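Novice: Input: one structure, supplied below.
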Amino acid sequence: MTSIRDLIRIYDLDPKKSLGQNFLVEESHLDHVIAAAGLTRDDIVLEIGPGFGILTRRLAAKAGRVIAVELDDRLIALLRAQFATQPQVTIVHGNILELNLAELMAEPLSNIPHFALSPPHSYKVVANLPFYITSPVIRHLLEASQPPSLAVLMVQKEVAERICAKPGDMSLLALSVQFYAQPTIVHQVPATAFYPRPKVDSAVLRLDILPERAVPDIDVDQFFKVARAGFSQKRKQLLNTLSAGLHLPKPIIADTLERAGIDPKRRAETLSIAEWGQLCRVLG
């Protein structure tokens, strides 16, 4: 099997810094990605950024259908030629952030008898994400009208750790993900496993999408309006951050926090998702 470094040399395709391309060259780490996805022939997989198709081949061997979205136009012909004899693999040239996921996953599958079903289809996401688009892609997936049932993402280790944080070390990023999904770090990947070598290590992050939002009875926009206000000034007490962020007098915020059972001297990173939900309910 031709290595990533050989493919780069053969096709004269230097990794693009503008696309954040760091190709995984130690393929043993992909075993952990595949295991975390728990794929069967009943699964449809959306792969983001297939690159040279190394992970795509493994996905196609396990899943019933793979839809791979690649932004780099230099790789499209190579990918389509590589999977020309595998009708279960579809290569899409585009920016995942500009694609409607419900429409993408509703593509007719009549050419594959096993998936001669009526759309929309349930699907899983597997991706080695460039660091600079990690947060936007995760948000795009979780907030989609038809989100995946599961996502397995290779991301910057520090970002994965922030996403998995518990009350006491929460961030707006952790809250934004855990509102929709249960995150777990399943494997760590050293920087030496990539070419070109990034400055930081990576991790394989599994997101089990919740059947309903962590706080199902709260307006989403209101929830995150309050959360953004709370996290707007690091290391400051909630009484101050919420008053400034929501443009409400401190006595009103103090009364709201008291009725929600939250000490006004606490900081945003100490609150659980349930406490944010209770705060929103009291605010109305």
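To be explicit about the labels: the chains of the structure tokens are called A, B, and onward in the order shown, and within each one the residues are counted from 1, while ligands get numbers from 1 in the order they are shown.
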Can you write out as JSON lines which residues of region 150-183 of chain A fall within 10 Å of region 23-47 of chain A, alongside each residue's closest atom pair and its distance in Å to one decimal, counting only C-alpha atoms and ordering rows by chain and ascending residue number?

Specialist:
```
{"residue": "A:Leu150", "atom": "CA", "partner": "A:Ala37", "partner_atom": "CA", "distance": 7.5}
{"residue": "A:Ala151", "atom": "CA", "partner": "A:Ala37", "partner_atom": "CA", "distance": 7.4}
{"residue": "A:Val152", "atom": "CA", "partner": "A:Ala37", "partner_atom": "CA", "distance": 6.1}
{"residue": "A:Leu153", "atom": "CA", "partner": "A:Val33", "partner_atom": "CA", "distance": 7.9}
{"residue": "A:Met154", "atom": "CA", "partner": "A:Val33", "partner_atom": "CA", "distance": 8.1}
```

Novice: Based on DSSP run over this structure's backbone, return all residues of region 27-269 of chain A in alpha helix (DSSP H), as number ranges by chain.

Specialist: A: 30-37, 54-62, 73-82, 101-105, 134-142, 157-163, 172-178, 220-230, 238-246, 250-259

Novice: So which one's closest to His140 (chain A), A:Val177, A:Leu248, A:Asn240, A:Glu275? Using only C-alpha atoms, please.

Specialist: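 Smallest distance to His140 (chain A) is found for A:Val177.
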
Novice: Run DSSP on the backbone and tell me which residues of region 149-200 of chain A come out as strand (DSSP E); list them as a PyMOL selection string.

Specialist: chain A and resi 150-156+181-189+194-195

Novice: Which distance in Å separates CA of Thr90 (chain A) and CA of Ile185 (chain A), to one decimal?

Specialist: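 Distance reported for this atom pair: 28.7 Å.
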
Novice: Return as JSON lines the residues of region 50-72 of chain A lying at most 7 Å from region 92-106 of chain A, together with the closest atom-to-atom pair for each and the distance in Å to one decimal, counting only C-alpha atoms, with rows in chain order and ascending residue number.

Specialist:
```
{"residue": "A:Ala68", "atom": "CA", "partner": "A:Val92", "partner_atom": "CA", "distance": 5.9}
{"residue": "A:Val69", "atom": "CA", "partner": "A:Val92", "partner_atom": "CA", "distance": 4.7}
{"residue": "A:Glu70", "atom": "CA", "partner": "A:His93", "partner_atom": "CA", "distance": 5.2}
{"residue": "A:Leu71", "atom": "CA", "partner": "A:Gly94", "partner_atom": "CA", "distance": 4.9}
```

Novice: Point out the residue among A:Gln237, A:Gln222, A:Ser135, A:Asn22 with the least atom-to-atom distance to Leu271 (chain A), counting only C-alpha atoms.

Specialist: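 Looking at the shortest contact to Leu271 (chain A), the residue is A:Gln237.
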
Novice: What gap, in Å, lies between CA of Thr270 (chain A) and CA of Arg206 (chain A)?

Specialist: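 It comes out at 23.6 Å.
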